[in-house]
>>> print(open('start35.cif').read())   # mmCIF, C-alpha atoms
data_coords
#
loop_
_atom_site.group_PDB
_atom_site.id
_atom_site.type_symbol
_atom_site.label_atom_id
_atom_site.label_comp_id
_atom_site.auth_asym_id
_atom_site.auth_seq_id
_atom_site.Cartn_x
_atom_site.Cartn_y
_atom_site.Cartn_z
ATOM 1 C CA GLN A 507 -28.483 -15.830 13.463
ATOM 2 C CA GLN A 508 -30.931 -16.293 16.350
ATOM 3 C CA GLN A 509 -28.335 -18.450 18.098
ATOM 4 C CA GLN A 510 -25.726 -15.698 17.602
ATOM 5 C CA GLN A 511 -28.086 -13.148 19.158
ATOM 6 C CA GLN A 512 -28.740 -15.427 22.129
ATOM 7 C CA GLN A 513 -25.022 -15.942 22.548
ATOM 8 C CA GLY A 514 -24.510 -12.196 22.335
ATOM 9 C CA ALA A 515 -27.090 -11.546 25.072
ATOM 10 C CA GLY A 516 -25.666 -14.188 27.355
ATOM 11 C CA GLY A 517 -22.152 -13.080 26.544
ATOM 12 C CA GLY A 518 -23.007 -9.523 27.567
ATOM 13 C CA GLN A 519 -23.995 -10.670 31.041
ATOM 14 C CA GLN A 520 -20.855 -12.759 31.324
ATOM 15 C CA ARG A 521 -18.709 -9.836 30.153
ATOM 16 C CA GLU A 522 -20.082 -7.605 32.905
ATOM 17 C CA ALA A 523 -19.548 -10.334 35.514
ATOM 18 C CA ASN A 524 -15.956 -10.832 34.393
ATOM 19 C CA LYS A 525 -15.268 -7.104 34.520
ATOM 20 C CA ALA A 526 -16.758 -6.743 38.001
ATOM 21 C CA SER A 527 -14.498 -9.536 39.191
ATOM 22 C CA SER A 528 -11.363 -8.010 37.693
ATOM 23 C CA PHE A 529 -12.165 -4.550 39.056
ATOM 24 C CA SER A 530 -12.678 -6.027 42.541
ATOM 25 C CA ALA A 531 -9.291 -7.705 42.318
ATOM 26 C CA LEU A 532 -7.676 -4.336 41.649
ATOM 27 C CA ALA A 533 -9.580 -2.488 44.380
ATOM 28 C CA GLY A 534 -7.438 -0.731 46.939
ATOM 29 C CA SER A 535 -4.361 -0.678 44.702
ATOM 30 C CA PRO A 536 -3.444 2.960 43.993
ATOM 31 C CA GLY A 537 -1.472 3.722 40.832
ATOM 32 C CA ALA A 538 1.797 5.636 40.939
ATOM 33 C CA GLU A 539 0.505 8.616 38.957
ATOM 34 C CA GLY A 540 -2.569 8.961 41.174
ATOM 35 C CA LYS A 541 -0.991 8.699 44.624
ATOM 36 C CA ALA A 542 -0.412 12.432 44.965
ATOM 37 C CA ARG A 543 -4.106 13.147 44.376
ATOM 38 C CA GLN A 544 -5.500 10.330 46.479
ATOM 39 C CA GLN A 545 -6.909 11.358 49.858
ATOM 40 C CA GLU A 546 -9.628 8.803 50.446
ATOM 41 C CA PRO A 547 -10.857 5.882 48.325
ATOM 42 C CA PRO A 548 -13.704 6.781 45.947
ATOM 43 C CA ALA A 549 -17.084 6.590 47.678
ATOM 44 C CA MET A 550 -18.606 4.529 44.870
ATOM 45 C CA GLU A 551 -18.266 1.174 43.168
ATOM 46 C CA PRO A 552 -15.912 0.947 40.146
ATOM 47 C CA SER A 553 -18.849 0.358 37.793
ATOM 48 C CA GLU A 554 -20.510 3.583 38.971
ATOM 49 C CA ALA A 555 -17.259 5.442 38.438
ATOM 50 C CA GLY A 556 -17.137 4.152 34.866
ATOM 51 C CA SER A 557 -20.726 5.171 34.184
ATOM 52 C CA ARG A 558 -20.141 8.680 35.543
ATOM 53 C CA PHE A 559 -17.073 9.089 33.370
ATOM 54 C CA VAL A 560 -18.936 7.995 30.235
ATOM 55 C CA SER A 561 -21.701 10.520 31.003
ATOM 56 C CA SER A 562 -19.055 13.246 31.192
ATOM 57 C CA LEU A 563 -17.628 12.124 27.845
ATOM 58 C CA LYS A 564 -21.043 12.582 26.254
ATOM 59 C CA GLU A 565 -21.103 16.150 27.574
ATOM 60 C CA PHE A 566 -17.630 16.706 26.213
ATOM 61 C CA LEU A 567 -18.908 15.883 22.719
ATOM 62 C CA VAL A 568 -21.447 18.689 23.109
ATOM 63 C CA ASN A 569 -19.318 21.458 24.620
ATOM 64 C CA SER A 570 -15.765 20.405 23.593
ATOM 65 C CA ASP A 571 -14.507 21.310 27.059
ATOM 66 C CA PRO A 572 -12.308 18.549 28.525
ATOM 67 C CA ALA A 573 -12.318 20.131 31.993
ATOM 68 C CA GLU A 574 -15.477 18.322 33.111
ATOM 69 C CA PRO A 575 -14.531 14.746 32.115
ATOM 70 C CA LEU A 576 -11.051 15.235 33.570
ATOM 71 C CA ALA A 577 -12.521 16.519 36.830
ATOM 72 C CA VAL A 578 -14.943 13.593 36.932
ATOM 73 C CA LEU A 579 -12.097 11.182 36.231
ATOM 74 C CA ALA A 580 -10.021 12.604 39.077
ATOM 75 C CA ASP A 581 -12.955 12.469 41.486
ATOM 76 C CA CYS A 582 -14.024 8.955 40.500
ATOM 77 C CA VAL A 583 -10.551 7.405 40.484
ATOM 78 C CA ARG A 584 -8.488 9.094 43.228
ATOM 79 C CA GLY A 585 -5.544 6.847 42.464
ATOM 80 C CA SER A 586 -7.526 3.583 42.574
ATOM 81 C CA GLU A 587 -6.474 1.263 39.758
ATOM 82 C CA ALA A 588 -9.796 -0.601 40.027
ATOM 83 C CA HIS A 589 -11.839 2.553 39.509
ATOM 84 C CA GLY A 590 -9.487 3.754 36.810
ATOM 85 C CA SER A 591 -9.798 0.448 34.963
ATOM 86 C CA ALA A 592 -13.580 0.649 35.146
ATOM 87 C CA CYS A 593 -13.513 4.139 33.649
ATOM 88 C CA VAL A 594 -11.274 2.981 30.798
ATOM 89 C CA SER A 595 -13.309 -0.151 30.136
ATOM 90 C CA LYS A 596 -16.674 1.623 30.197
ATOM 91 C CA ALA A 597 -15.302 4.344 27.941
ATOM 92 C CA LEU A 598 -14.081 1.814 25.386
ATOM 93 C CA ASP A 599 -17.368 -0.104 25.561
ATOM 94 C CA TRP A 600 -19.185 3.130 24.774
ATOM 95 C CA ALA A 601 -16.824 4.184 21.984
ATOM 96 C CA MET A 602 -17.074 0.795 20.262
ATOM 97 C CA GLU A 603 -20.734 1.467 19.504
ATOM 98 C CA GLU A 604 -20.401 5.151 18.670
ATOM 99 C CA LYS A 605 -18.846 7.396 16.010
ATOM 100 C CA ALA A 606 -15.271 8.411 15.317
ATOM 101 C CA SER A 607 -15.752 11.607 17.345
ATOM 102 C CA SER A 608 -16.503 9.495 20.416
ATOM 103 C CA CYS A 609 -13.317 7.493 19.895
ATOM 104 C CA ALA A 610 -11.327 10.717 19.668
ATOM 105 C CA ALA A 611 -12.955 11.997 22.865
ATOM 106 C CA VAL A 612 -11.944 8.849 24.733
ATOM 107 C CA VAL A 613 -8.350 9.130 23.526
ATOM 108 C CA THR A 614 -8.140 12.819 24.454
ATOM 109 C CA CYS A 615 -9.551 12.433 27.947
ATOM 110 C CA LEU A 616 -7.801 9.198 28.903
ATOM 111 C CA SER A 617 -4.406 10.363 27.675
ATOM 112 C CA SER A 618 -4.844 13.701 29.450
ATOM 113 C CA GLY A 619 -5.910 11.841 32.575
ATOM 114 C CA VAL A 620 -2.703 9.827 32.604
ATOM 115 C CA THR A 621 -0.376 12.722 31.844
ATOM 116 C CA GLY A 622 -2.224 14.910 34.342
ATOM 117 C CA GLY A 623 -1.933 12.345 37.111
ATOM 118 C CA SER A 624 -5.621 11.562 37.649
ATOM 119 C CA LEU A 625 -5.578 8.153 35.939
ATOM 120 C CA PRO A 626 -3.039 5.431 36.836
ATOM 121 C CA ARG A 627 -1.218 4.200 33.747
ATOM 122 C CA LYS A 628 -1.804 0.583 34.776
ATOM 123 C CA SER A 629 -5.540 1.221 34.664
ATOM 124 C CA VAL A 630 -5.346 1.960 30.954
ATOM 125 C CA ALA A 631 -3.851 -1.440 30.146
ATOM 126 C CA ALA A 632 -6.176 -3.330 32.484
ATOM 127 C CA GLY A 633 -9.324 -1.526 31.364
ATOM 128 C CA LEU A 634 -8.578 -1.971 27.669
ATOM 129 C CA LEU A 635 -7.962 -5.698 28.083
ATOM 130 C CA ASP A 636 -11.250 -6.134 29.946
ATOM 131 C CA SER A 637 -13.202 -4.761 26.985
ATOM 132 C CA LEU A 638 -11.011 -5.961 24.129
ATOM 133 C CA GLU A 639 -11.505 -9.599 25.062
ATOM 134 C CA PHE A 640 -15.089 -9.390 23.789
ATOM 135 C CA VAL A 641 -14.710 -6.893 20.949
ATOM 136 C CA PHE A 642 -15.589 -9.443 18.271
ATOM 137 C CA ASP A 643 -18.689 -10.517 20.192
ATOM 138 C CA VAL A 644 -19.794 -6.890 20.386
ATOM 139 C CA ALA A 645 -19.308 -6.676 16.611
ATOM 140 C CA ILE A 646 -22.260 -9.054 16.108
ATOM 141 C CA ASP A 647 -24.587 -6.161 16.949
ATOM 142 C CA ALA A 648 -22.163 -3.264 16.390
ATOM 143 C CA PRO A 649 -20.076 -4.026 13.266
ATOM 144 C CA LEU A 650 -17.812 -1.004 13.765
ATOM 145 C CA ALA A 651 -16.716 -2.151 17.225
ATOM 146 C CA PRO A 652 -13.360 -3.656 16.140
ATOM 147 C CA SER A 653 -12.354 -0.633 14.057
ATOM 148 C CA ASN A 654 -13.494 1.800 16.740
ATOM 149 C CA ALA A 655 -11.577 -0.125 19.399
ATOM 150 C CA ALA A 656 -8.533 -0.100 17.132
ATOM 151 C CA ALA A 657 -8.813 3.675 16.731
ATOM 152 C CA VAL A 658 -8.905 4.169 20.504
ATOM 153 C CA CYS A 659 -6.009 1.795 21.173
ATOM 154 C CA ALA A 660 -3.877 3.231 18.375
ATOM 155 C CA GLY A 661 -4.552 6.741 19.642
ATOM 156 C CA LEU A 662 -3.568 5.847 23.195
ATOM 157 C CA ARG A 663 -0.433 4.107 21.930
ATOM 158 C CA GLU A 664 0.547 7.161 19.889
ATOM 159 C CA ALA A 665 -0.085 9.352 22.940
ATOM 160 C CA GLY A 666 2.364 7.211 24.880
ATOM 161 C CA VAL A 667 -0.072 6.064 27.568
ATOM 162 C CA TRP A 668 -0.602 2.474 26.378
ATOM 163 C CA ASP A 669 1.998 -0.108 25.460
ATOM 164 C CA ALA A 670 0.788 -2.591 22.840
ATOM 165 C CA ASP A 671 2.917 -5.248 24.520
ATOM 166 C CA GLY A 672 0.096 -5.487 27.034
ATOM 167 C CA MET A 673 -1.928 -7.419 24.465
ATOM 168 C CA LYS A 674 -0.053 -10.512 25.611
ATOM 169 C CA GLY A 675 -2.496 -10.616 28.512
ATOM 170 C CA VAL A 676 -5.704 -10.468 26.464
ATOM 171 C CA GLY A 677 -8.345 -13.071 27.277
ATOM 172 C CA ALA A 678 -9.142 -16.237 25.366
ATOM 173 C CA GLU A 679 -12.343 -14.943 23.781
ATOM 174 C CA PHE A 680 -10.419 -12.351 21.780
ATOM 175 C CA LYS A 681 -8.160 -15.070 20.358
ATOM 176 C CA ARG A 682 -10.925 -17.501 19.420
ATOM 177 C CA ASP A 683 -10.729 -16.460 15.745
ATOM 178 C CA LYS A 684 -6.957 -16.367 15.389
ATOM 179 C CA ALA A 685 -6.833 -14.835 11.920
ATOM 180 C CA LYS A 686 -9.195 -12.016 12.891
ATOM 181 C CA ALA A 687 -7.347 -11.387 16.160
ATOM 182 C CA LYS A 688 -3.953 -11.254 14.465
ATOM 183 C CA GLU A 689 -5.222 -8.889 11.780
ATOM 184 C CA TRP A 690 -6.643 -6.555 14.422
ATOM 185 C CA CYS A 691 -3.382 -6.571 16.379
ATOM 186 C CA VAL A 692 -1.309 -5.727 13.318
ATOM 187 C CA GLY A 693 -3.648 -2.815 12.642
ATOM 188 C CA VAL A 694 -2.964 -1.191 16.014
ATOM 189 C CA GLY A 695 0.783 -1.717 15.899
ATOM 190 C CA VAL A 696 1.202 -4.827 18.047
ATOM 191 C CA GLY A 697 4.615 -6.312 17.229
ATOM 192 C CA ASP A 698 5.170 -9.775 15.767
ATOM 193 C CA GLY A 699 6.851 -10.977 18.942
ATOM 194 C CA VAL A 700 3.863 -9.972 21.063
ATOM 195 C CA ILE A 701 1.455 -11.614 18.648
ATOM 196 C CA ARG A 702 3.465 -14.841 18.768
ATOM 197 C CA ALA A 703 3.460 -14.697 22.566
ATOM 198 C CA MET A 704 -0.316 -14.233 22.578
ATOM 199 C CA PHE A 705 -0.772 -17.527 20.784
ATOM 200 C CA ASP A 706 2.122 -19.382 22.382
ATOM 201 C CA GLY A 707 1.185 -23.019 22.855
ATOM 202 C CA GLU A 708 -1.927 -22.753 20.684
ATOM 203 C CA SER A 709 -2.394 -24.358 17.298
ATOM 204 C CA SER A 710 -2.295 -21.971 14.346
#
>>> encode(input="start35.cif", output="structure tokens")
Amino acid sequence: QQQQQQQGAGGGQQREANKASSFSALAGSPGAEGKARQQEPPAMEPSEAGSRFVSSLKEFLVNSDPAEPLAVLADCVRGSEAHGSACVSKALDWAMEEKASSCAAVVTCLSSGVTGGSLPRKSVAAGLLDSLEFVFDVAIDAPLAPSNAAAVCAGLREAGVWDADGMKGVGAEFKRDKAKAKEWCVGVGVGDGVIRAMFDGESS
């Protein structure tokens, strides 16, 4: 158990490093839905944008007014896929360790962000994958993480802003326990063909 905790701590640092790298790779790439709103690139790092959005989600749980998180999302993203991905990833990270109401808040605000044009659709897929790769590691300390992540992903899929086919690009850490990964995917509506493609070339 001590070894698992050490791995979890080290894994957390590695997760943040991996995310920072992927967000940097997306920087400067505006999404189609956000182009109309983009005037200048956000004057902050993607990670700061994600943190600001999560803070607004916490307020949303208190006052039930989505106007603030949607305004924050628009201001922090401005069409940047990198900043949008950071907001999605940070939001999912937060929801994985919270209650069902937090998961619902994430679904409401992210889906409204996409349909309203303040969040590039590509950012949803990229941000989810960044966090989902390590969902089973997070579950060591937060046992509800996989089910909470599933609730968010299923909600976004039902809202039409996330295509489960994107799971083909999930990282290796997610697929380390194949049985657990496949069970999770089935639960959120990932098709058999996508699941087979995820494990293409790997032993069963």
>>> atom_distance(input="start35.cif", atom1="atom CA of A:Gly677", atom2="atom CA of A:Pro626")
21.5 Å
>>> atom_distance(input="start35.cif", atom1="atom CA of A:Trp690", atom2="atom CA of A:Ser653")
8.2 Å
>>> closest_residue(input="start35.cif", among="A:Asp581, A:Asn654, A:Glu603, A:Leu576", to="A:Thr621", atoms="only C-alpha atoms")
A:Leu576
>>> closest_residue(input="start35.cif", among="A:Val594, A:Ser624, A:Thr614, A:Glu554", to="A:Ala580", atoms="all atoms listed in the file")
A:Ser624
>>> residues_around(input="start35.cif", residues="A:Ala687", least_positions_apart="3", cutoff="12 Å", atoms="only C-alpha atoms", output="number ranges by chain")
A: 638-642, 652, 656, 673-674, 676-684, 690-694, 696, 701-702, 704-705, 710
>>> atom_distance(input="start35.cif", atom1="atom CA of A:Glu574", atom2="atom CA of A:Ser557")
14.2 Å
>>> residues_around(input="start35.cif", residues="A:Gly675", least_positions_apart="5", cutoff="10 Å", atoms="only C-alpha atoms", output="number ranges by chain")
A: 631-632, 635-636, 639, 700, 703-704
>>> closest_residue(input="start35.cif", among="A:Pro548, A:Val612, A:Ser617, A:Ser607", to="A:Arg663", atoms="only C-alpha atoms")
A:Ser617
>>> resolve_selection(input="start35.cif", expression="the PyMOL selection byres ((chain A and resi 666) around 12)", output="PyMOL selection string")
chain A and resi 613-614+616-618+620-621+627+630-631+659-665+667-670
>>> closest_residue(input="start35.cif", among="A:Ala648, A:Asp671, A:Leu625, A:Gly697", to="A:Glu587", atoms="all atoms listed in the file")
A:Leu625
>>> closest_residue(input="start35.cif", among="A:Ala555, A:Val560, A:Ala645, A:Ala549", to="A:Trp600", atoms="only C-alpha atoms")
A:Val560
>>> residues_around(input="start35.cif", residues="A:Ala611", least_positions_apart="6", cutoff="10 Å", atoms="all atoms listed in the file", output="list in words")
Leu563, Lys564, Phe566, Leu567, Ser570, Pro572, Pro575, Ala597, Ala601, Ser617 and Val658 of chain A
>>> closest_residue(input="start35.cif", among="A:Asp706, A:Glu604, A:Asp698, A:Asp643", to="A:Ala657", atoms="only C-alpha atoms")
A:Glu604
>>> resolve_selection(input="start35.cif", expression="the PyMOL selection byres ((chain A and resi 590) around 8)", output="list in words")
Pro552, Gly556, Leu579, Cys582, Val583, Gly585, Ser586, Glu587, Ala588, His589, Ser591, Ala592, Cys593, Val594, Leu625, Pro626, Ser629, Val630 and Gly633 of chain A
>>> decode(input="start35.cif", residues="stretch 642-688 of chain A", atoms="N, CA and C atoms", output="tab-separated table (two decimals), in the first residue's frame")
chain	number	residue	atom	x	y	z
A	642	PHE	N	-7.49	5.68	-13.36
A	642	PHE	CA	-7.39	4.56	-12.44
A	642	PHE	C	-6.29	4.77	-11.40
A	643	ASP	N	-5.31	5.60	-11.71
A	643	ASP	CA	-4.32	5.99	-10.72
A	643	ASP	C	-4.95	6.90	-9.67
A	644	VAL	N	-5.78	7.84	-10.14
A	644	VAL	CA	-6.46	8.74	-9.23
A	644	VAL	C	-7.36	7.96	-8.28
A	645	ALA	N	-7.91	6.85	-8.77
A	645	ALA	CA	-8.83	6.03	-7.97
A	645	ALA	C	-8.16	5.40	-6.75
A	646	ILE	N	-6.83	5.36	-6.72
A	646	ILE	CA	-6.14	4.83	-5.53
A	646	ILE	C	-6.51	5.66	-4.31
A	647	ASP	N	-6.56	6.98	-4.48
A	647	ASP	CA	-6.90	7.86	-3.37
A	647	ASP	C	-8.35	8.36	-3.42
A	648	ALA	N	-8.95	8.30	-4.61
A	648	ALA	CA	-10.33	8.76	-4.78
A	648	ALA	C	-11.11	7.66	-5.51
A	649	PRO	N	-11.65	6.70	-4.78
A	649	PRO	CA	-12.27	5.51	-5.39
A	649	PRO	C	-13.41	5.81	-6.36
A	650	LEU	N	-14.05	6.96	-6.22
A	650	LEU	CA	-15.17	7.29	-7.10
A	650	LEU	C	-14.71	7.92	-8.42
A	651	ALA	N	-13.43	8.11	-8.58
A	651	ALA	CA	-12.92	8.79	-9.78
A	651	ALA	C	-13.39	8.15	-11.08
A	652	PRO	N	-13.28	6.82	-11.25
A	652	PRO	CA	-13.73	6.24	-12.52
A	652	PRO	C	-15.22	6.45	-12.79
A	653	SER	N	-16.06	6.28	-11.77
A	653	SER	CA	-17.49	6.45	-11.99
A	653	SER	C	-17.84	7.92	-12.22
A	654	ASN	N	-17.16	8.81	-11.53
A	654	ASN	CA	-17.41	10.24	-11.76
A	654	ASN	C	-16.98	10.65	-13.17
A	655	ALA	N	-15.82	10.16	-13.59
A	655	ALA	CA	-15.34	10.46	-14.93
A	655	ALA	C	-16.30	9.90	-15.97
A	656	ALA	N	-16.83	8.72	-15.70
A	656	ALA	CA	-17.79	8.11	-16.63
A	656	ALA	C	-19.05	8.96	-16.72
A	657	ALA	N	-19.50	9.50	-15.58
A	657	ALA	CA	-20.70	10.33	-15.58
A	657	ALA	C	-20.49	11.59	-16.42
A	658	VAL	N	-19.31	12.21	-16.29
A	658	VAL	CA	-19.02	13.41	-17.07
A	658	VAL	C	-18.96	13.08	-18.56
A	659	CYS	N	-18.22	12.02	-18.90
A	659	CYS	CA	-18.07	11.67	-20.31
A	659	CYS	C	-19.40	11.26	-20.94
A	660	ALA	N	-20.18	10.48	-20.22
A	660	ALA	CA	-21.49	10.07	-20.73
A	660	ALA	C	-22.40	11.28	-20.93
A	661	GLY	N	-22.33	12.22	-20.00
A	661	GLY	CA	-23.15	13.42	-20.11
A	661	GLY	C	-22.75	14.27	-21.31
A	662	LEU	N	-21.46	14.40	-21.54
A	662	LEU	CA	-20.99	15.18	-22.68
A	662	LEU	C	-21.31	14.48	-24.00
A	663	ARG	N	-21.27	13.15	-23.98
A	663	ARG	CA	-21.63	12.39	-25.19
A	663	ARG	C	-23.11	12.58	-25.49
A	664	GLU	N	-23.94	12.49	-24.47
A	664	GLU	CA	-25.39	12.66	-24.65
A	664	GLU	C	-25.73	14.08	-25.10
A	665	ALA	N	-24.91	15.05	-24.67
A	665	ALA	CA	-25.13	16.44	-25.07
A	665	ALA	C	-24.65	16.71	-26.49
A	666	GLY	N	-23.95	15.74	-27.07
A	666	GLY	CA	-23.50	15.87	-28.44
A	666	GLY	C	-22.22	16.67	-28.62
A	667	VAL	N	-21.45	16.85	-27.54
A	667	VAL	CA	-20.23	17.65	-27.65
A	667	VAL	C	-18.96	16.81	-27.52
A	668	TRP	N	-19.13	15.50	-27.32
A	668	TRP	CA	-17.98	14.59	-27.26
A	668	TRP	C	-18.32	13.31	-27.97
A	669	ASP	N	-17.43	12.88	-28.84
A	669	ASP	CA	-17.60	11.64	-29.58
A	669	ASP	C	-16.74	10.56	-28.92
A	670	ALA	N	-17.38	9.49	-28.47
A	670	ALA	CA	-16.66	8.42	-27.78
A	670	ALA	C	-15.60	7.76	-28.65
A	671	ASP	N	-15.68	7.96	-29.96
A	671	ASP	CA	-14.65	7.41	-30.83
A	671	ASP	C	-13.27	7.97	-30.49
A	672	GLY	N	-13.26	9.13	-29.86
A	672	GLY	CA	-11.99	9.75	-29.48
A	672	GLY	C	-11.19	8.93	-28.49
A	673	MET	N	-11.82	7.96	-27.85
A	673	MET	CA	-11.11	7.11	-26.89
A	673	MET	C	-10.01	6.29	-27.55
A	674	LYS	N	-10.03	6.21	-28.86
A	674	LYS	CA	-8.95	5.50	-29.56
A	674	LYS	C	-7.60	6.14	-29.28
A	675	GLY	N	-7.60	7.40	-28.93
A	675	GLY	CA	-6.34	8.11	-28.69
A	675	GLY	C	-5.92	8.15	-27.24
A	676	VAL	N	-6.59	7.43	-26.36
A	676	VAL	CA	-6.25	7.48	-24.93
A	676	VAL	C	-4.87	6.90	-24.69
A	677	GLY	N	-4.18	7.42	-23.68
A	677	GLY	CA	-2.81	7.01	-23.39
A	677	GLY	C	-2.69	5.62	-22.80
A	678	ALA	N	-1.45	5.14	-22.77
A	678	ALA	CA	-1.16	3.77	-22.37
A	678	ALA	C	-1.53	3.46	-20.92
A	679	GLU	N	-1.41	4.46	-20.05
A	679	GLU	CA	-1.67	4.22	-18.63
A	679	GLU	C	-3.11	3.78	-18.40
A	680	PHE	N	-4.03	4.35	-19.15
A	680	PHE	CA	-5.44	3.99	-19.03
A	680	PHE	C	-5.66	2.52	-19.37
A	681	LYS	N	-4.88	2.02	-20.33
A	681	LYS	CA	-5.09	0.66	-20.85
A	681	LYS	C	-4.26	-0.39	-20.13
A	682	ARG	N	-3.56	0.01	-19.08
A	682	ARG	CA	-2.67	-0.93	-18.40
A	682	ARG	C	-3.44	-2.13	-17.86
A	683	ASP	N	-4.59	-1.89	-17.23
A	683	ASP	CA	-5.48	-2.97	-16.79
A	683	ASP	C	-6.57	-3.08	-17.85
A	684	LYS	N	-6.39	-3.99	-18.78
A	684	LYS	CA	-7.26	-4.06	-19.95
A	684	LYS	C	-8.71	-4.33	-19.59
A	685	ALA	N	-8.93	-5.27	-18.66
A	685	ALA	CA	-10.30	-5.61	-18.29
A	685	ALA	C	-11.01	-4.40	-17.69
A	686	LYS	N	-10.33	-3.69	-16.81
A	686	LYS	CA	-10.93	-2.52	-16.16
A	686	LYS	C	-11.19	-1.41	-17.18
A	687	ALA	N	-10.24	-1.22	-18.09
A	687	ALA	CA	-10.40	-0.18	-19.12
A	687	ALA	C	-11.57	-0.49	-20.04
A	688	LYS	N	-11.68	-1.74	-20.46
A	688	LYS	CA	-12.77	-2.13	-21.36
A	688	LYS	C	-14.12	-1.98	-20.66
